[in-house]
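Undergrad: File my_file_13.cif below, mmCIF, C-alpha atoms:
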data_input
#
loop_
_atom_site.label_atom_id
_atom_site.label_comp_id
_atom_site.auth_asym_id
_atom_site.auth_seq_id
_atom_site.Cartn_x
_atom_site.Cartn_y
_atom_site.Cartn_z
CA MET A 1 0.00 0.00 0.00
CA LEU A 2 1.38 3.44 -0.95
CA PHE A 3 0.94 6.59 1.15
CA ALA A 4 0.82 10.07 -0.25
CA ALA A 5 3.55 12.45 0.91
CA GLU A 6 1.02 14.60 2.74
CA ASP A 7 -0.26 11.50 4.60
CA VAL A 8 3.26 10.71 5.83
CA GLU A 9 3.82 14.29 6.92
CA GLY A 10 0.49 14.29 8.74
CA PHE A 11 1.31 11.04 10.49
CA LEU A 12 4.70 12.33 11.61
CA SER A 13 3.12 15.57 12.69
CA ASP A 14 0.50 13.76 14.78
CA SER A 15 3.14 11.47 16.30
CA GLY A 16 5.32 14.45 17.17
CA LYS A 17 2.40 16.16 18.86
CA LYS A 18 1.64 13.04 20.89
CA ILE A 19 5.26 12.71 21.97
CA ALA A 20 5.42 16.38 22.88
CA VAL A 21 2.20 16.16 24.89
CA THR A 22 3.48 13.03 26.66
CA ILE A 23 6.73 14.76 27.58
CA ILE A 24 4.94 17.87 28.82
CA VAL A 25 2.50 15.86 30.91
CA SER A 26 5.35 13.81 32.36
CA VAL A 27 7.36 16.92 33.27
CA VAL A 28 4.37 18.70 34.79
CA THR A 29 3.40 15.59 36.77
CA SER A 30 6.94 15.14 38.08
CA LEU A 31 7.18 18.80 39.10
CA ALA A 32 3.79 18.64 40.79
CA ALA A 33 4.76 15.46 42.66
CA PHE A 34 8.06 17.03 43.73
CA ALA A 35 6.33 20.21 44.92
CA PHE A 36 3.65 18.26 46.80
CA GLY A 37 6.24 15.94 48.38
CA ARG A 38 8.30 18.88 49.54
CA TYR A 39 5.25 20.69 50.90
CA TYR A 40 4.00 17.55 52.67
CA GLY A 41 7.44 16.87 54.13
CA ARG A 42 7.67 20.39 55.57
CA TRP A 43 4.09 20.24 56.84
CA LYS A 44 4.80 16.90 58.56
CA ALA A 45 8.08 18.15 60.02
CA ARG A 46 6.38 21.28 61.39
CA ARG A 47 3.56 19.23 62.90
CA GLU A 48 6.08 16.92 64.59
CA TRP A 49 8.04 19.90 65.87
CA GLU A 50 4.98 21.62 67.32
CA SER A 51 3.65 18.45 68.94
CA LYS A 52 7.14 17.26 70.00
CA GLU A 53 6.17 13.80 68.74
CA PHE A 54 8.93 12.26 66.61
CA LEU A 55 7.39 8.84 66.24
CA ASN A 56 9.39 8.06 63.12
CA ARG A 57 12.53 7.86 65.29
CA VAL A 58 13.80 5.07 67.55
CA ILE A 59 16.16 5.88 70.40
CA ILE A 60 17.93 3.10 72.29
CA SER A 61 19.08 4.00 75.78
CA LEU A 62 21.03 2.44 78.63
CA ASN A 63 19.26 2.94 81.95
CA ILE A 64 21.74 2.76 84.81
CA LEU A 65 20.85 2.62 88.49
CA ASN A 66 24.09 3.01 90.39
CA ASP A 67 24.94 4.58 93.74
CA GLY A 68 21.31 5.53 94.23
CA THR A 69 21.17 7.58 91.02
CA LEU A 70 19.36 7.02 87.72
CA LYS A 71 21.52 7.74 84.69
CA ILE A 72 20.15 7.57 81.16
CA ARG A 73 22.65 7.28 78.33
CA THR A 74 21.87 7.09 74.61
CA VAL A 75 23.32 4.09 72.76
CA LEU A 76 22.01 5.10 69.33
CA GLU A 77 19.19 6.88 67.55
CA ARG A 78 17.90 5.92 64.10
CA SER A 79 14.88 6.40 61.87
CA ILE A 80 12.25 3.75 62.47
CA GLU A 81 12.89 2.29 59.00
CA GLU A 82 16.60 1.84 59.76
CA VAL A 83 15.81 -0.29 62.82
CA PHE A 84 12.73 -2.21 61.68
CA LEU A 85 13.82 -3.27 58.21
CA ASN A 86 10.37 -4.25 56.98
CA PRO A 87 7.35 -2.04 56.19
CA ILE A 88 4.95 -4.39 57.99
CA ALA A 89 7.15 -4.31 61.10
CA VAL A 90 7.10 -0.50 60.99
CA GLU A 91 3.30 -0.53 60.73
CA LYS A 92 3.01 -2.85 63.73
CA ILE A 93 5.24 -0.63 65.85
CA GLN A 94 3.34 2.51 64.88
CA ALA A 95 0.03 0.81 65.62
CA ALA A 96 1.28 -0.23 69.08
CA VAL A 97 2.50 3.31 69.80
CA LYS A 98 -1.07 4.62 69.50
CA LEU A 99 -2.17 2.26 72.29
CA CYS A 100 0.40 3.39 74.87
CA THR A 101 -0.83 5.33 77.88
CA SER A 102 0.81 7.20 80.75
CA ASP A 103 0.07 4.21 83.00
CA ASN A 104 1.32 1.63 80.50
CA PRO A 105 4.16 2.92 78.28
CA ILE A 106 5.28 -0.60 77.29
CA LEU A 107 4.40 -1.18 73.63
CA PRO A 108 1.39 -3.57 73.57
CA ILE A 109 2.72 -5.80 70.82
CA PRO A 110 0.75 -8.94 69.88
CA LYS A 111 2.33 -12.00 71.42
CA ALA A 112 3.10 -13.62 68.06
CA ASP A 113 5.07 -10.56 66.91
CA ARG A 114 7.10 -9.78 70.02
CA TRP A 115 10.25 -11.78 69.38
CA TYR A 116 10.49 -10.73 65.74
CA LEU A 117 10.12 -7.00 66.43
CA LEU A 118 12.47 -7.08 69.41
CA ASN A 119 15.02 -8.99 67.35
CA PHE A 120 15.22 -6.09 64.88
CA VAL A 121 16.28 -3.85 67.77
CA LEU A 122 18.64 -6.44 69.21
CA ASN A 123 20.45 -6.69 65.87
CA ALA A 124 20.74 -2.90 65.66
CA VAL A 125 22.23 -2.53 69.13
CA ALA A 126 24.37 -5.68 69.36
CA GLU A 127 27.05 -4.30 67.04
CA HIS A 128 27.83 -1.62 69.63
CA PHE A 129 28.90 -4.31 72.09
CA ILE A 130 30.89 -6.56 69.76
CA ALA A 131 34.32 -5.53 71.11
CA GLY A 132 33.71 -7.29 74.42
CA GLN A 133 32.51 -10.45 72.69
CA LEU A 134 35.72 -10.56 70.65
CA LYS A 135 37.77 -10.21 73.84
CA LEU A 136 35.81 -13.08 75.37
CA ASP A 137 36.41 -15.22 72.29
CA ALA A 138 40.11 -14.41 72.47
CA GLY A 139 40.25 -15.73 76.02
CA GLN A 140 40.82 -12.32 77.60
CA HIS A 141 39.39 -11.44 80.99
CA VAL A 142 35.99 -9.73 80.72
CA THR A 143 33.05 -8.92 82.95
CA THR A 144 29.75 -10.22 81.61
CA LEU A 145 26.54 -8.25 82.05
CA ARG A 146 23.04 -9.24 80.97
CA TYR A 147 20.56 -6.58 79.91
CA ALA A 148 16.82 -6.77 79.34
CA LEU A 149 15.71 -5.05 76.13
CA PHE A 150 12.12 -3.82 75.73
CA LEU A 151 10.11 -1.29 73.72
CA THR A 152 8.24 1.72 75.05
CA CYS A 153 6.66 4.98 74.01
CA GLU A 154 6.25 7.11 77.10
CA VAL A 155 3.27 9.47 77.14
CA VAL A 156 4.74 12.68 78.55
CA GLY A 157 3.80 16.35 78.81
CA ASP A 158 3.52 18.77 75.92
CA GLU A 159 6.95 20.21 76.67
CA ARG A 160 8.67 16.84 76.34
CA VAL A 161 9.85 14.98 73.25
CA ARG A 162 8.03 11.73 72.53
CA LYS A 163 9.71 8.95 70.57
CA VAL A 164 9.69 5.19 70.25
CA ARG A 165 12.25 4.05 72.81
CA ALA A 166 14.07 0.76 73.24
CA MET A 167 15.43 0.49 76.75
CA LEU A 168 18.28 -1.55 78.17
CA VAL A 169 18.30 -2.32 81.89
CA ARG A 170 20.43 -4.87 83.74
CA VAL A 171 18.36 -8.01 84.22
CA ASP A 172 19.19 -8.32 87.91
CA VAL A 173 18.15 -4.72 88.53
CA LEU A 174 14.82 -5.16 86.74
CA GLU A 175 14.10 -8.49 88.43
CA ASN A 176 14.56 -6.91 91.86
CA PHE A 177 13.71 -3.31 91.09
CA PRO A 178 14.73 -1.27 94.13
CA TYR A 179 12.51 1.77 93.59
CA LEU A 180 8.98 0.42 93.54
CA GLU A 181 7.89 2.91 96.19
CA THR A 182 10.74 5.39 96.46
CA MET A 183 12.73 7.53 94.05
CA PRO A 184 16.46 7.46 93.37
CA LYS A 185 18.42 10.63 92.75
CA LEU A 186 17.61 12.02 89.31
CA GLU A 187 19.92 13.86 86.95
CA ASN A 188 16.87 15.73 85.63
CA PRO A 189 13.45 16.20 87.28
CA TRP A 190 11.59 14.76 84.28
CA HIS A 191 13.44 11.46 84.71
CA GLU A 192 10.77 10.65 87.26
CA ASP A 193 8.72 9.43 84.28
CA ARG A 194 11.48 6.95 83.47
CA ILE A 195 11.31 5.45 86.96
CA LYS A 196 7.56 4.94 86.43
CA THR A 197 8.35 3.19 83.14
CA LEU A 198 10.92 0.96 84.80
CA ARG A 199 8.45 0.07 87.56
CA ARG A 200 5.96 -0.99 84.93
CA ALA A 201 8.64 -2.96 83.07
CA ALA A 202 9.59 -4.78 86.28
CA ALA A 203 5.97 -5.86 86.72
CA VAL A 204 5.58 -6.93 83.07
CA LEU A 205 8.81 -8.95 83.23
CA LYS A 206 7.27 -11.17 85.90
CA THR A 207 4.03 -11.82 84.00
CA GLU A 208 4.94 -11.53 80.30
CA PRO A 209 8.68 -12.14 79.92
CA ASP A 210 8.32 -12.49 76.14
CA ASN A 211 8.02 -8.69 75.99
CA PHE A 212 11.80 -8.71 76.57
CA LEU A 213 14.91 -10.01 74.88
CA MET A 214 18.16 -10.55 76.79
CA LEU A 215 21.42 -9.09 75.57
CA GLU A 216 24.71 -10.36 76.96
CA THR A 217 27.56 -7.84 76.96
CA CYS A 218 31.20 -8.23 77.87
CA VAL A 219 33.46 -5.43 79.07
#
Take the structure in this file and express it as structure tokens.
TA:
Amino acid sequence: MLFAAEDVEGFLSDSGKKIAVTIIVSVVTSLAAFAFGRYYGRWKARREWESKEFLNRVIISLNILNDGTLKIRTVLERSIEEVFLNPIAVEKIQAAVKLCTSDNPILPIPKADRWYLLNFVLNAVAEHFIAGQLKLDAGQHVTTLRYALFLTCEVVGDERVRKVRAMLVRVDVLENFPYLETMPKLENPWHEDRIKTLRRAAAVLKTEPDNFLMLETCV
């Protein structure tokens, strides 16, 4: 079949128009998506800042009770996606956060999910204690300590930062928590909330130990 020259030119002209329109639509869509993403990101960041709720962050802390004083030291802080390396795991953590209360800051994780979610955190924190394990393997003298690891999201006042928190406490301290009725010395007044959390953790350890994983460290 033969096409007239004007038919070929018309076809090419129509094809060129379609390609041009496709390119324009693609560029406009990309720019709109970029602008919306940037706007949404800033809106979300501002909302988090104003509410002081950074629930997309996980902070892992060492809670030390020594010489009658509570000391809280950060081990690491990461985005929630960097710790829980699975979108479903992230969803489960964020769902549990919404159920926390001032009286029960321990994340109410379904029993079937507890070990798996805690193991994400254990893997993230264990690398910070590898030096002692290597010394142990080399036959060098070390002191072994066992820590209980558990997940919380403390409900605190408007002036306080709220995050998902993984806490490390020596197992022997949590099993025989010495401040069920009294308060230790506090480095900051608002650490009183942490003692309330540790009291609750001590009670949960006795009834639902699968809310905890044990981490052995060597120093």
Undergrad: Translate the PyMOL selection byres ((chain A and resi 175-186) around 8) into a concrete residue list for this structure, as a VMD selection string.
TA: chain A and resid 68 to 71 171 to 174 187 to 189 191 to 192 195 199 202 205 to 206
Undergrad: Can I get the selected residues back with C-alpha atoms, as a compact mmCIF listing (two decimals), keeping the file's coordinate frame?
TA:
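Written out: out38.txt:
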# COMPACT_ATOMS: atom_id res chain seq x y z
CA GLY A 68 21.31 5.53 94.23
CA THR A 69 21.17 7.58 91.02
CA LEU A 70 19.36 7.02 87.72
CA LYS A 71 21.52 7.74 84.69
CA VAL A 171 18.36 -8.01 84.22
CA ASP A 172 19.19 -8.32 87.91
CA VAL A 173 18.15 -4.72 88.53
CA LEU A 174 14.82 -5.16 86.74
CA GLU A 187 19.92 13.86 86.95
CA ASN A 188 16.87 15.73 85.63
CA PRO A 189 13.45 16.20 87.28
CA HIS A 191 13.44 11.46 84.71
CA GLU A 192 10.77 10.65 87.26
CA ILE A 195 11.31 5.45 86.96
CA ARG A 199 8.45 0.07 87.56
CA ALA A 202 9.59 -4.78 86.28
CA LEU A 205 8.81 -8.95 83.23
CA LYS A 206 7.27 -11.17 85.90
Undergrad: Can you translate the PyMOL selection byres ((chain A and resi 59) around 7) into the concrete residues it hits in this file, as a list in words?
TA: Arg57, Val58, Ile60, Ser61, Leu76, Glu77, Arg78, Val164, Arg165 and Ala166 of chain A
Undergrad: I'd like to see the residues matched by the PyMOL selection byres ((chain A and resi 211) around 9) on this file, and ideally I'd get them as a list in words.
TA: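 After applying the PyMOL selection byres ((chain A and resi 211) around 9), what remains is Ile106, Leu107, Pro108, Ile109, Lys111, Arg114, Trp115, Leu118, Leu149, Phe150, Leu151, Val204, Leu205, Glu208, Pro209, Asp210, Phe212 and Leu213 of chain A.
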Undergrad: Mind dumping the selected residues with C-alpha atoms as an mmCIF file, in the coordinates of the input?
TA:
data_model
loop_
_atom_site.group_PDB
_atom_site.id
_atom_site.type_symbol
_atom_site.label_atom_id
_atom_site.label_comp_id
_atom_site.auth_asym_id
_atom_site.auth_seq_id
_atom_site.Cartn_x
_atom_site.Cartn_y
_atom_site.Cartn_z
ATOM 1 C CA ILE A 106 5.280 -0.600 77.290
ATOM 2 C CA LEU A 107 4.400 -1.180 73.630
ATOM 3 C CA PRO A 108 1.390 -3.570 73.570
ATOM 4 C CA ILE A 109 2.720 -5.800 70.820
ATOM 5 C CA LYS A 111 2.330 -12.000 71.420
ATOM 6 C CA ARG A 114 7.100 -9.780 70.020
ATOM 7 C CA TRP A 115 10.250 -11.780 69.380
ATOM 8 C CA LEU A 118 12.470 -7.080 69.410
ATOM 9 C CA LEU A 149 15.710 -5.050 76.130
ATOM 10 C CA PHE A 150 12.120 -3.820 75.730
ATOM 11 C CA LEU A 151 10.110 -1.290 73.720
ATOM 12 C CA VAL A 204 5.580 -6.930 83.070
ATOM 13 C CA LEU A 205 8.810 -8.950 83.230
ATOM 14 C CA GLU A 208 4.940 -11.530 80.300
ATOM 15 C CA PRO A 209 8.680 -12.140 79.920
ATOM 16 C CA ASP A 210 8.320 -12.490 76.140
ATOM 17 C CA PHE A 212 11.800 -8.710 76.570
ATOM 18 C CA LEU A 213 14.910 -10.010 74.880
#
Undergrad: One decimal, Å: what's the distance from atom CA of A:Glu81 over to atom CA of A:Val161, could you say?
TA: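 One can read the atom CA of A:Glu81 to atom CA of A:Val161 distance as 19.3 Å.
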Undergrad: Which residue out of A:Leu65, A:Val169, A:Val219, A:Leu85 has the minimum interatomic distance to A:Ala124 when all atoms listed in the file are used?
TA: A:Leu85
Undergrad: Could you work out how far atom CA of A:Val90 lies from atom CA of A:Ser102, giving the answer in Å with one decimal?
TA: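 Here the two named atoms are 22.1 Å from each other.
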Undergrad: Could you tell me how far atom CA of A:Glu216 sits from atom CA of A:Ala96, in Å to one decimal place?
TA: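 Here the two named atoms are 26.7 Å from each other.
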Undergrad: Quick one: of A:Leu117, A:Leu99, A:Ala112, A:Ala201, who's nearest to A:Arg170, counting all atoms listed in the file?
TA: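 Of the candidates, the smallest distance to A:Arg170 is held by A:Ala201.
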Undergrad: Please provide the set of residues having any atom within 10 Å of A:Tyr116, restricted to all atoms listed in the file, with same-chain residues fewer than 5 positions apart removed, written as number ranges by chain.
TA: A: 84, 89, 121-122
Undergrad: Counting only C-alpha atoms, figure out which residue out of A:Leu134, A:Thr207, A:Asp103, A:Asp113 gets nearest to A:Ile88.
TA: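 Counting only C-alpha atoms, the residue closest to A:Ile88 is A:Asp113.
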